[in-house]
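One file, work.csv, is given below (CSV, C-alpha atoms and all ligand atoms).
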chain,number,residue,atom,x,y,z
A,1,MET,CA,-190.2,-87.7,127.5
A,2,LYS,CA,-187.1,-85.6,127.1
A,3,THR,CA,-185.0,-85.0,130.2
A,4,THR,CA,-182.7,-82.0,129.7
A,5,LYS,CA,-181.7,-79.8,132.7
A,6,ILE,CA,-184.8,-77.7,133.5
A,7,SER,CA,-184.7,-74.3,135.2
A,8,GLU,CA,-186.6,-73.7,138.4
A,9,ALA,CA,-188.6,-71.0,136.7
A,10,VAL,CA,-190.0,-73.6,134.2
A,11,VAL,CA,-190.8,-76.0,137.0
A,12,ARG,CA,-192.6,-73.2,138.9
A,13,ARG,CA,-194.8,-72.4,135.9
A,14,LEU,CA,-195.9,-76.0,135.3
A,15,PRO,CA,-198.4,-76.1,138.2
A,16,ILE,CA,-199.8,-72.7,137.0
A,17,TYR,CA,-200.5,-74.3,133.6
A,18,LEU,CA,-201.9,-77.4,135.3
A,19,ARG,CA,-204.3,-75.4,137.4
A,20,TYR,CA,-205.8,-73.6,134.4
A,21,LEU,CA,-205.8,-76.7,132.2
A,22,THR,CA,-207.8,-78.5,135.0
A,23,HIS,CA,-210.2,-75.6,135.0
A,24,LEU,CA,-210.6,-76.0,131.2
A,25,HIS,CA,-211.1,-79.7,131.6
A,26,HIS,CA,-214.0,-79.0,134.0
A,27,MET,CA,-215.4,-76.6,131.5
A,28,ASN,CA,-215.3,-79.5,129.0
A,29,VAL,CA,-212.8,-77.6,126.7
A,30,LYS,CA,-210.9,-80.1,124.6
A,31,THR,CA,-208.1,-78.1,123.1
A,32,VAL,CA,-206.3,-74.8,123.9
A,33,SER,CA,-203.7,-72.8,122.1
A,34,SER,CA,-200.6,-71.4,123.7
A,35,GLN,CA,-202.0,-67.9,122.7
A,36,LYS,CA,-205.1,-68.5,124.8
A,37,LEU,CA,-203.1,-69.9,127.7
A,38,GLY,CA,-200.8,-67.0,127.5
A,39,ASP,CA,-203.6,-64.4,127.5
A,40,ILE,CA,-205.3,-65.9,130.6
A,41,LEU,CA,-202.1,-66.6,132.5
A,42,ASP,CA,-200.4,-63.4,131.4
A,43,ILE,CA,-197.4,-65.4,130.2
A,44,ASN,CA,-195.8,-65.0,126.7
A,45,PRO,CA,-197.2,-67.8,124.5
A,46,ALA,CA,-193.7,-68.4,123.1
A,47,GLN,CA,-192.5,-68.9,126.7
A,48,ILE,CA,-195.3,-71.5,127.2
A,49,ARG,CA,-194.4,-73.4,124.0
A,50,LYS,CA,-190.7,-73.3,125.0
A,51,ASP,CA,-191.4,-74.5,128.6
A,52,LEU,CA,-193.5,-77.4,127.3
A,53,ALA,CA,-191.1,-78.3,124.5
A,54,HIS,CA,-188.5,-79.1,127.2
A,55,PHE,CA,-190.5,-82.3,127.9
A,56,GLY,CA,-191.7,-83.3,124.5
A,57,GLU,CA,-193.9,-82.3,121.5
A,58,PHE,CA,-197.3,-82.0,123.1
A,59,GLY,CA,-198.9,-79.4,120.8
A,60,ARG,CA,-200.1,-79.6,117.2
A,61,LYS,CA,-199.8,-76.8,114.7
A,62,GLY,CA,-203.2,-75.2,114.1
A,63,ILE,CA,-204.9,-77.1,116.9
A,64,GLY,CA,-202.8,-76.3,120.0
A,65,TYR,CA,-202.7,-78.6,123.0
A,66,GLU,CA,-205.2,-81.3,123.8
A,67,VAL,CA,-206.3,-80.3,127.3
A,68,ASP,CA,-206.6,-83.8,128.9
A,69,TYR,CA,-203.4,-85.1,127.3
A,70,LEU,CA,-201.4,-82.0,128.5
A,71,ILE,CA,-202.8,-82.4,132.0
A,72,GLU,CA,-201.7,-86.1,132.0
A,73,LYS,CA,-198.2,-85.1,130.8
A,74,ILE,CA,-197.7,-82.2,133.3
A,75,LYS,CA,-198.8,-84.5,136.1
A,76,GLN,CA,-196.2,-87.1,135.0
A,77,ILE,CA,-193.5,-84.4,134.8
A,78,LEU,CA,-194.4,-83.1,138.3
A,79,LYS,CA,-194.7,-86.7,139.6
A,80,LEU,CA,-198.3,-85.9,140.5
A,81,ASP,CA,-199.4,-89.2,138.9
A,82,GLN,CA,-197.9,-90.9,142.1
A,83,GLU,CA,-199.3,-90.6,145.6
A,84,ILE,CA,-197.1,-88.3,147.6
A,85,HIS,CA,-197.2,-88.5,151.4
A,86,VAL,CA,-196.2,-85.4,153.3
A,87,ALA,CA,-195.3,-84.8,156.9
A,88,LEU,CA,-195.8,-81.5,158.8
A,89,ILE,CA,-193.6,-80.5,161.7
A,90,GLY,CA,-194.8,-77.9,164.1
A,91,VAL,CA,-198.5,-78.0,165.0
A,92,GLY,CA,-199.0,-74.4,166.1
A,93,HIS,CA,-201.1,-71.7,164.5
A,94,LEU,CA,-199.8,-72.1,161.0
A,95,GLY,CA,-199.4,-75.9,161.3
A,96,HIS,CA,-203.1,-76.1,162.3
A,97,ALA,CA,-204.2,-73.9,159.4
A,98,ILE,CA,-202.3,-76.1,156.9
A,99,LEU,CA,-203.6,-79.3,158.4
A,100,ASN,CA,-207.1,-77.9,158.1
A,101,TYR,CA,-206.3,-77.2,154.4
A,102,ASN,CA,-205.2,-80.8,153.9
A,103,ALA,CA,-208.4,-82.0,152.4
A,104,TYR,CA,-208.1,-79.3,149.7
A,105,LEU,CA,-204.5,-80.3,148.7
A,106,LYS,CA,-204.5,-81.1,145.0
A,107,GLU,CA,-204.1,-84.4,143.3
A,108,ASN,CA,-202.4,-87.2,145.1
A,109,MET,CA,-200.7,-85.1,147.7
A,110,LYS,CA,-201.6,-85.6,151.3
A,111,ILE,CA,-200.3,-84.8,154.8
A,112,VAL,CA,-200.4,-88.2,156.5
A,113,ALA,CA,-198.5,-87.3,159.7
A,114,ALA,CA,-197.8,-84.3,161.9
A,115,PHE,CA,-195.1,-83.9,164.5
A,116,ASP,CA,-194.5,-81.6,167.5
A,117,VAL,CA,-192.3,-81.6,170.6
A,118,ASP,CA,-195.1,-80.4,172.9
A,119,PRO,CA,-196.4,-83.4,174.8
A,120,GLN,CA,-199.9,-81.8,175.1
A,121,LYS,CA,-200.2,-81.9,171.3
A,122,THR,CA,-198.8,-85.4,170.6
A,123,GLY,CA,-201.6,-88.0,170.3
A,124,GLU,CA,-204.0,-85.3,169.1
A,125,VAL,CA,-205.8,-85.7,165.8
A,126,VAL,CA,-206.0,-82.4,163.8
A,127,ALA,CA,-208.4,-82.5,160.8
A,128,GLY,CA,-207.9,-86.3,160.5
A,129,THR,CA,-204.1,-86.2,160.9
A,130,THR,CA,-202.4,-87.7,163.9
A,131,VAL,CA,-199.7,-85.6,165.7
A,132,TYR,CA,-196.7,-87.7,166.8
A,133,HIS,CA,-193.8,-86.7,169.0
A,134,LEU,CA,-190.7,-85.6,167.0
A,135,ASP,CA,-188.8,-88.5,168.4
A,136,GLN,CA,-191.0,-90.8,166.2
A,137,LEU,CA,-190.0,-88.9,163.1
A,138,GLY,CA,-187.8,-91.5,161.5
A,139,ASP,CA,-190.1,-94.5,162.2
A,140,ILE,CA,-193.3,-92.8,161.0
A,141,ILE,CA,-191.7,-91.5,157.9
A,142,GLU,CA,-190.6,-95.0,157.0
A,143,GLU,CA,-193.8,-96.6,158.0
A,144,LYS,CA,-196.0,-94.1,156.0
A,145,ALA,CA,-193.6,-93.9,153.1
A,146,ILE,CA,-193.4,-90.1,153.5
A,147,ARG,CA,-191.4,-88.2,150.8
A,148,MET,CA,-191.9,-84.5,151.5
A,149,ALA,CA,-192.0,-82.4,154.7
A,150,ILE,CA,-193.5,-79.0,155.7
A,151,ILE,CA,-191.7,-77.1,158.4
A,152,THR,CA,-193.9,-74.8,160.6
A,153,VAL,CA,-191.8,-74.6,163.7
A,154,PRO,CA,-190.3,-71.3,165.2
A,155,ALA,CA,-187.3,-70.0,163.4
A,156,GLU,CA,-184.8,-71.1,166.0
A,157,ALA,CA,-185.9,-74.7,165.7
A,158,ALA,CA,-186.1,-74.9,161.9
A,159,GLN,CA,-182.5,-75.9,161.1
A,160,GLU,CA,-182.5,-78.6,163.7
A,161,VAL,CA,-185.8,-80.0,162.4
A,162,ALA,CA,-184.4,-79.9,158.9
A,163,ASP,CA,-181.3,-81.8,160.0
A,164,ARG,CA,-183.4,-84.5,161.5
A,165,LEU,CA,-185.5,-84.7,158.4
A,166,MET,CA,-182.3,-85.1,156.3
A,167,GLN,CA,-181.4,-88.2,158.3
A,168,THR,CA,-184.6,-89.8,156.9
A,169,ARG,CA,-185.7,-90.6,153.3
A,170,ILE,CA,-187.1,-87.0,152.9
A,171,LYS,CA,-185.7,-85.2,149.8
A,172,ALA,CA,-188.0,-82.2,149.6
A,173,ILE,CA,-188.8,-79.7,152.3
A,174,LEU,CA,-191.2,-76.7,152.2
A,175,ASN,CA,-190.0,-74.3,154.9
A,176,PHE,CA,-192.3,-71.6,156.4
A,177,ALA,CA,-189.9,-70.5,159.2
A,178,PRO,CA,-188.2,-67.2,158.5
A,179,VAL,CA,-184.7,-68.6,158.3
A,180,ASN,CA,-182.6,-69.9,155.5
A,181,ILE,CA,-182.2,-73.6,155.9
A,182,LYS,CA,-178.9,-75.2,154.9
A,183,ALA,CA,-179.4,-78.5,153.1
A,184,ARG,CA,-177.4,-81.2,151.4
A,185,ASP,CA,-177.3,-81.0,147.6
A,186,ASP,CA,-179.6,-84.0,147.2
A,187,VAL,CA,-182.3,-82.3,149.3
A,188,ARG,CA,-184.5,-79.6,147.8
A,189,VAL,CA,-185.7,-76.8,150.1
A,190,HIS,CA,-188.3,-74.2,149.1
A,191,HIS,CA,-188.9,-71.3,151.4
A,192,THR,CA,-192.1,-69.4,151.7
A,193,ASP,CA,-192.0,-66.1,153.7
A,194,VAL,CA,-195.0,-63.9,154.0
A,195,THR,CA,-193.0,-61.0,155.5
A,196,THR,CA,-190.4,-60.8,152.8
A,197,GLU,CA,-193.1,-61.1,150.1
A,198,LEU,CA,-195.0,-58.2,151.7
A,199,GLN,CA,-191.8,-56.2,152.0
A,200,SER,CA,-190.9,-56.6,148.3
A,201,LEU,CA,-194.5,-56.0,147.3
A,202,SER,CA,-194.4,-52.7,149.3
A,203,TYR,CA,-191.8,-51.5,146.8
A,204,TYR,CA,-194.6,-51.3,144.2
A,205,LEU,CA,-196.8,-49.0,146.3
A,301,LIG,P1,-196.5,-71.4,166.9
A,301,LIG,O1,-195.7,-71.0,168.1
A,301,LIG,O2,-198.0,-71.2,167.0
A,301,LIG,O3,-196.3,-73.0,166.6
A,301,LIG,C1,-195.0,-73.6,166.6
A,301,LIG,C2,-195.2,-75.0,166.9
A,301,LIG,O4,-193.9,-75.7,166.7
A,301,LIG,C3,-195.6,-75.3,168.4
A,301,LIG,O5,-196.6,-76.2,168.4
A,301,LIG,C4,-194.3,-75.9,169.0
A,301,LIG,O6,-194.6,-76.8,170.0
A,301,LIG,C5,-193.7,-76.5,167.8
A,301,LIG,N1,-192.2,-76.8,167.9
A,301,LIG,C6,-191.3,-76.0,168.5
A,301,LIG,N2,-190.1,-76.5,168.4
A,301,LIG,C7,-190.3,-77.7,167.7
A,301,LIG,C8,-189.4,-78.7,167.3
A,301,LIG,N3,-188.1,-78.6,167.5
A,301,LIG,N4,-189.9,-79.8,166.6
A,301,LIG,C9,-191.2,-79.9,166.4
A,301,LIG,N5,-192.1,-78.9,166.8
A,301,LIG,C10,-191.6,-77.8,167.4
A,301,LIG,O7,-196.0,-70.7,165.6
A,301,LIG,P2,-196.7,-70.3,164.3
A,301,LIG,O8,-197.4,-69.0,164.3
A,301,LIG,O9,-197.6,-71.5,163.8
A,301,LIG,O10,-195.5,-70.2,163.3
A,301,LIG,C11,-194.7,-71.3,162.9
A,301,LIG,C12,-193.6,-70.9,162.0
A,301,LIG,O11,-194.2,-70.4,160.8
A,301,LIG,C13,-192.8,-69.7,162.5
A,301,LIG,O12,-191.4,-69.9,162.1
A,301,LIG,C14,-193.4,-68.5,161.9
A,301,LIG,O13,-192.4,-67.4,161.8
A,301,LIG,C15,-193.8,-69.0,160.6
A,301,LIG,N6,-194.9,-68.3,160.0
A,301,LIG,C16,-196.1,-68.2,160.7
A,301,LIG,C17,-197.2,-67.6,160.1
A,301,LIG,C18,-198.5,-67.4,160.8
A,301,LIG,O14,-199.4,-66.7,160.2
A,301,LIG,N7,-198.7,-67.9,162.0
A,301,LIG,C19,-197.1,-67.1,158.8
A,301,LIG,C20,-195.9,-67.3,158.1
A,301,LIG,C21,-194.9,-67.9,158.7

Would it be possible to restate this file's structure as structure tokens?
Ligand code: NAD
Amino acid sequence: MKTTKISEAVVRRLPIYLRYLTHLHHMNVKTVSSQKLGDILDINPAQIRKDLAHFGEFGRKGIGYEVDYLIEKIKQILKLDQEIHVALIGVGHLGHAILNYNAYLKENMKIVAAFDVDPQKTGEVVAGTTVYHLDQLGDIIEEKAIRMAIITVPAEAAQEVADRLMQTRIKAILNFAPVNIKARDDVRVHHTDVTTELQSLSYYL
């Protein structure tokens, strides 16, 4: 598989392709053209072909893409062919909601441990996931081979939690706290912020 420098926009579209391809797989559809993918996903077919061409020649002229083969390749590219263990830090309202969603997480991704500083919460099991004290972060992350983390603590605690995560083997963080986390170059942080999303959406009213 080719490994040129890939833009974030391309990486963000791959799970969208994967979701629809998986739907096609369940519908027993064997092949799909970039035109059809583009129509359904509202993405320019040329863009889809270009995105996928970064990683190899997956399509065939006149036939399009073989659905199962493309699913396999996109999973490999996104490393979803491996089991990915995730930690969640901050078992409050949002933390609970995400832990309850755990069973629905796709592919081999699973939240295997949760952490909090509240002694009333540690030792609790939420939707099958044990809540540990934050002091156990390093040990549990090693023990459970955790590679990604989700931050759902209040804004004022988020950077400190991220700093502690960066002292472990974690290289990818999804942050829900409304604060811009500073991270080392070798650690990838994605932010998700409902408020700013709504504010920018409001522009289109
Ligand atoms: P919450 O107060 O219900 O929960 C926060 C949890 O974090 C608590 O259990 C608390 O004990 C724990 N905590 C505090 N400091 C910690 C630390 N240093 N280490 C580990 N755990 C710590 O808050 P919430 O509503 O679940 O929101 C959590 C974060 O997500 C906030 O930053 C909030 O702005 C953001 N957020 C919340 C929602 C929502 O719908 N609730 C939506 C989007 C974003």

> Quick one: distance from atom CA of Glu143 of chain A to atom P1 of ligand LIG 301 (chain A) in Å, one decimal?
Replying inline: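 That distance, rounded to one decimal, is 26.9 Å.
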
Would you write out, as JSON lines, a table of all residues in chain A that have an atom no more than 10 Å from an atom of ligand LIG 301 (chain A), listing for each the closest atom pair and the distance in Å to one decimal, considering only C-alpha atoms and all ligand atoms and ordering rows by chain and rising residue number?
{"residue": "A:Leu88", "atom": "CA", "partner": "A:LIG301", "partner_atom": "C9", "distance": 9.0}
{"residue": "A:Ile89", "atom": "CA", "partner": "A:LIG301", "partner_atom": "C9", "distance": 5.3}
{"residue": "A:Gly90", "atom": "CA", "partner": "A:LIG301", "partner_atom": "O4", "distance": 3.5}
{"residue": "A:Val91", "atom": "CA", "partner": "A:LIG301", "partner_atom": "O5", "distance": 4.3}
{"residue": "A:Gly92", "atom": "CA", "partner": "A:LIG301", "partner_atom": "O3", "distance": 3.1}
{"residue": "A:His93", "atom": "CA", "partner": "A:LIG301", "partner_atom": "O9", "distance": 3.6}
{"residue": "A:Leu94", "atom": "CA", "partner": "A:LIG301", "partner_atom": "O9", "distance": 3.6}
{"residue": "A:Gly95", "atom": "CA", "partner": "A:LIG301", "partner_atom": "O9", "distance": 5.4}
{"residue": "A:His96", "atom": "CA", "partner": "A:LIG301", "partner_atom": "O9", "distance": 7.3}
{"residue": "A:Ala97", "atom": "CA", "partner": "A:LIG301", "partner_atom": "O9", "distance": 8.3}
{"residue": "A:Ile98", "atom": "CA", "partner": "A:LIG301", "partner_atom": "O9", "distance": 9.5}
{"residue": "A:Ala114", "atom": "CA", "partner": "A:LIG301", "partner_atom": "C9", "distance": 9.1}
{"residue": "A:Phe115", "atom": "CA", "partner": "A:LIG301", "partner_atom": "C9", "distance": 5.9}
{"residue": "A:Asp116", "atom": "CA", "partner": "A:LIG301", "partner_atom": "N5", "distance": 3.7}
{"residue": "A:Val117", "atom": "CA", "partner": "A:LIG301", "partner_atom": "C9", "distance": 4.7}
{"residue": "A:Asp118", "atom": "CA", "partner": "A:LIG301", "partner_atom": "O6", "distance": 4.6}
{"residue": "A:Pro119", "atom": "CA", "partner": "A:LIG301", "partner_atom": "O6", "distance": 8.4}
{"residue": "A:Gln120", "atom": "CA", "partner": "A:LIG301", "partner_atom": "O6", "distance": 8.9}
{"residue": "A:Lys121", "atom": "CA", "partner": "A:LIG301", "partner_atom": "O5", "distance": 7.3}
{"residue": "A:Thr122", "atom": "CA", "partner": "A:LIG301", "partner_atom": "O6", "distance": 9.6}
{"residue": "A:Tyr132", "atom": "CA", "partner": "A:LIG301", "partner_atom": "C9", "distance": 9.6}
{"residue": "A:His133", "atom": "CA", "partner": "A:LIG301", "partner_atom": "C9", "distance": 7.7}
{"residue": "A:Leu134", "atom": "CA", "partner": "A:LIG301", "partner_atom": "C9", "distance": 5.8}
{"residue": "A:Asp135", "atom": "CA", "partner": "A:LIG301", "partner_atom": "N4", "distance": 9.0}
{"residue": "A:Leu137", "atom": "CA", "partner": "A:LIG301", "partner_atom": "C9", "distance": 9.7}
{"residue": "A:Ile151", "atom": "CA", "partner": "A:LIG301", "partner_atom": "C12", "distance": 7.4}
{"residue": "A:Thr152", "atom": "CA", "partner": "A:LIG301", "partner_atom": "C12", "distance": 4.2}
{"residue": "A:Val153", "atom": "CA", "partner": "A:LIG301", "partner_atom": "O4", "distance": 3.8}
{"residue": "A:Pro154", "atom": "CA", "partner": "A:LIG301", "partner_atom": "O12", "distance": 3.6}
{"residue": "A:Ala155", "atom": "CA", "partner": "A:LIG301", "partner_atom": "O12", "distance": 4.3}
{"residue": "A:Glu156", "atom": "CA", "partner": "A:LIG301", "partner_atom": "O12", "distance": 7.8}
{"residue": "A:Ala157", "atom": "CA", "partner": "A:LIG301", "partner_atom": "N3", "distance": 4.8}
{"residue": "A:Ala158", "atom": "CA", "partner": "A:LIG301", "partner_atom": "N3", "distance": 7.0}
{"residue": "A:Gln159", "atom": "CA", "partner": "A:LIG301", "partner_atom": "N3", "distance": 8.9}
{"residue": "A:Glu160", "atom": "CA", "partner": "A:LIG301", "partner_atom": "N3", "distance": 6.8}
{"residue": "A:Val161", "atom": "CA", "partner": "A:LIG301", "partner_atom": "N3", "distance": 5.8}
{"residue": "A:Ala162", "atom": "CA", "partner": "A:LIG301", "partner_atom": "N3", "distance": 9.5}
{"residue": "A:Arg164", "atom": "CA", "partner": "A:LIG301", "partner_atom": "N4", "distance": 9.5}
{"residue": "A:Asn175", "atom": "CA", "partner": "A:LIG301", "partner_atom": "O11", "distance": 8.2}
{"residue": "A:Phe176", "atom": "CA", "partner": "A:LIG301", "partner_atom": "O11", "distance": 4.9}
{"residue": "A:Ala177", "atom": "CA", "partner": "A:LIG301", "partner_atom": "O12", "distance": 3.3}
{"residue": "A:Pro178", "atom": "CA", "partner": "A:LIG301", "partner_atom": "O13", "distance": 5.3}
{"residue": "A:Val179", "atom": "CA", "partner": "A:LIG301", "partner_atom": "O12", "distance": 7.8}
{"residue": "A:Thr192", "atom": "CA", "partner": "A:LIG301", "partner_atom": "C21", "distance": 7.7}
{"residue": "A:Asp193", "atom": "CA", "partner": "A:LIG301", "partner_atom": "C20", "distance": 6.0}
{"residue": "A:Val194", "atom": "CA", "partner": "A:LIG301", "partner_atom": "C20", "distance": 5.4}
{"residue": "A:Thr195", "atom": "CA", "partner": "A:LIG301", "partner_atom": "C20", "distance": 7.4}

Give me a file of those residues, with C-alpha atoms, as a CSV table (one decimal), in the frame of the given file.
chain,number,residue,atom,x,y,z
A,88,LEU,CA,-195.8,-81.5,158.8
A,89,ILE,CA,-193.6,-80.5,161.7
A,90,GLY,CA,-194.8,-77.9,164.1
A,91,VAL,CA,-198.5,-78.0,165.0
A,92,GLY,CA,-199.0,-74.4,166.1
A,93,HIS,CA,-201.1,-71.7,164.5
A,94,LEU,CA,-199.8,-72.1,161.0
A,95,GLY,CA,-199.4,-75.9,161.3
A,96,HIS,CA,-203.1,-76.1,162.3
A,97,ALA,CA,-204.2,-73.9,159.4
A,98,ILE,CA,-202.3,-76.1,156.9
A,114,ALA,CA,-197.8,-84.3,161.9
A,115,PHE,CA,-195.1,-83.9,164.5
A,116,ASP,CA,-194.5,-81.6,167.5
A,117,VAL,CA,-192.3,-81.6,170.6
A,118,ASP,CA,-195.1,-80.4,172.9
A,119,PRO,CA,-196.4,-83.4,174.8
A,120,GLN,CA,-199.9,-81.8,175.1
A,121,LYS,CA,-200.2,-81.9,171.3
A,122,THR,CA,-198.8,-85.4,170.6
A,132,TYR,CA,-196.7,-87.7,166.8
A,133,HIS,CA,-193.8,-86.7,169.0
A,134,LEU,CA,-190.7,-85.6,167.0
A,135,ASP,CA,-188.8,-88.5,168.4
A,137,LEU,CA,-190.0,-88.9,163.1
A,151,ILE,CA,-191.7,-77.1,158.4
A,152,THR,CA,-193.9,-74.8,160.6
A,153,VAL,CA,-191.8,-74.6,163.7
A,154,PRO,CA,-190.3,-71.3,165.2
A,155,ALA,CA,-187.3,-70.0,163.4
A,156,GLU,CA,-184.8,-71.1,166.0
A,157,ALA,CA,-185.9,-74.7,165.7
A,158,ALA,CA,-186.1,-74.9,161.9
A,159,GLN,CA,-182.5,-75.9,161.1
A,160,GLU,CA,-182.5,-78.6,163.7
A,161,VAL,CA,-185.8,-80.0,162.4
A,162,ALA,CA,-184.4,-79.9,158.9
A,164,ARG,CA,-183.4,-84.5,161.5
A,175,ASN,CA,-190.0,-74.3,154.9
A,176,PHE,CA,-192.3,-71.6,156.4
A,177,ALA,CA,-189.9,-70.5,159.2
A,178,PRO,CA,-188.2,-67.2,158.5
A,179,VAL,CA,-184.7,-68.6,158.3
A,192,THR,CA,-192.1,-69.4,151.7
A,193,ASP,CA,-192.0,-66.1,153.7
A,194,VAL,CA,-195.0,-63.9,154.0
A,195,THR,CA,-193.0,-61.0,155.5

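Residues of protein, DNA or RNA having at least one counted atom within 9 Å of (-197.1, -94.4, 161.9), given only C-alpha atoms, are Val112, Ala113, Thr130, Tyr132, Gln136, Asp139, Ile140, Ile141, Glu142, Glu143 and Lys144 of chain A.
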
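Taking atom CA of Leu37 of chain A and atom CA of Leu78 of chain A as the two end points, the separation is 19.0 Å.
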
Would you give me, as a Markdown table, each residue of segment 70-104 of chain A having an atom within 10 Å of an atom of segment 51-57 of chain A, along with its shortest atom pair and that distance in Å to one decimal, using all atoms listed in the file and sorting by chain and residue number?
| residue | atom | partner | partner_atom | distance |
| --- | --- | --- | --- | --- |
| A:Leu70 | CA | A:Leu52 | CA | 9.2 |
| A:Lys73 | CA | A:Phe55 | CA | 8.7 |
| A:Ile74 | CA | A:Leu52 | CA | 8.8 |
| A:Ile77 | CA | A:Phe55 | CA | 7.8 |

Resulting file, chosen residues, C-alpha atoms, as a short mmCIF file (atom, residue, chain, number, x, y, z; two decimals), keeping the file's coordinate frame:
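What landed in part.cif:
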data_model
loop_
_atom_site.label_atom_id
_atom_site.label_comp_id
_atom_site.auth_asym_id
_atom_site.auth_seq_id
_atom_site.Cartn_x
_atom_site.Cartn_y
_atom_site.Cartn_z
CA LEU A 70 -201.40 -82.00 128.50
CA LYS A 73 -198.20 -85.10 130.80
CA ILE A 74 -197.70 -82.20 133.30
CA ILE A 77 -193.50 -84.40 134.80
#

> Interatomic distance between atom CA of Lys182 of chain A and atom CA of Gln167 of chain A?
Replying inline: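 Answer for the atom CA of Lys182 of chain A to atom CA of Gln167 of chain A separation: 13.7 Å.
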
task: Show which residues sit within 10 Å of Arg188 of chain A, as an MDAnalysis selection string. Count all atoms listed in the file, and ignore same-chain residues fewer than 2 positions away.
output: chainID A and resid 148 170:174 183:186 190

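Proximity to His23 of chain A at 12 Å, evaluated using all atoms listed in the file and with sequence-adjacent residues fewer than 5 positions away removed, yields Ile16, Tyr17, Leu18, Asn28, Val29, Lys30, Val32, Leu37, Ile40, Val67, Asp68 and Ile71 of chain A.
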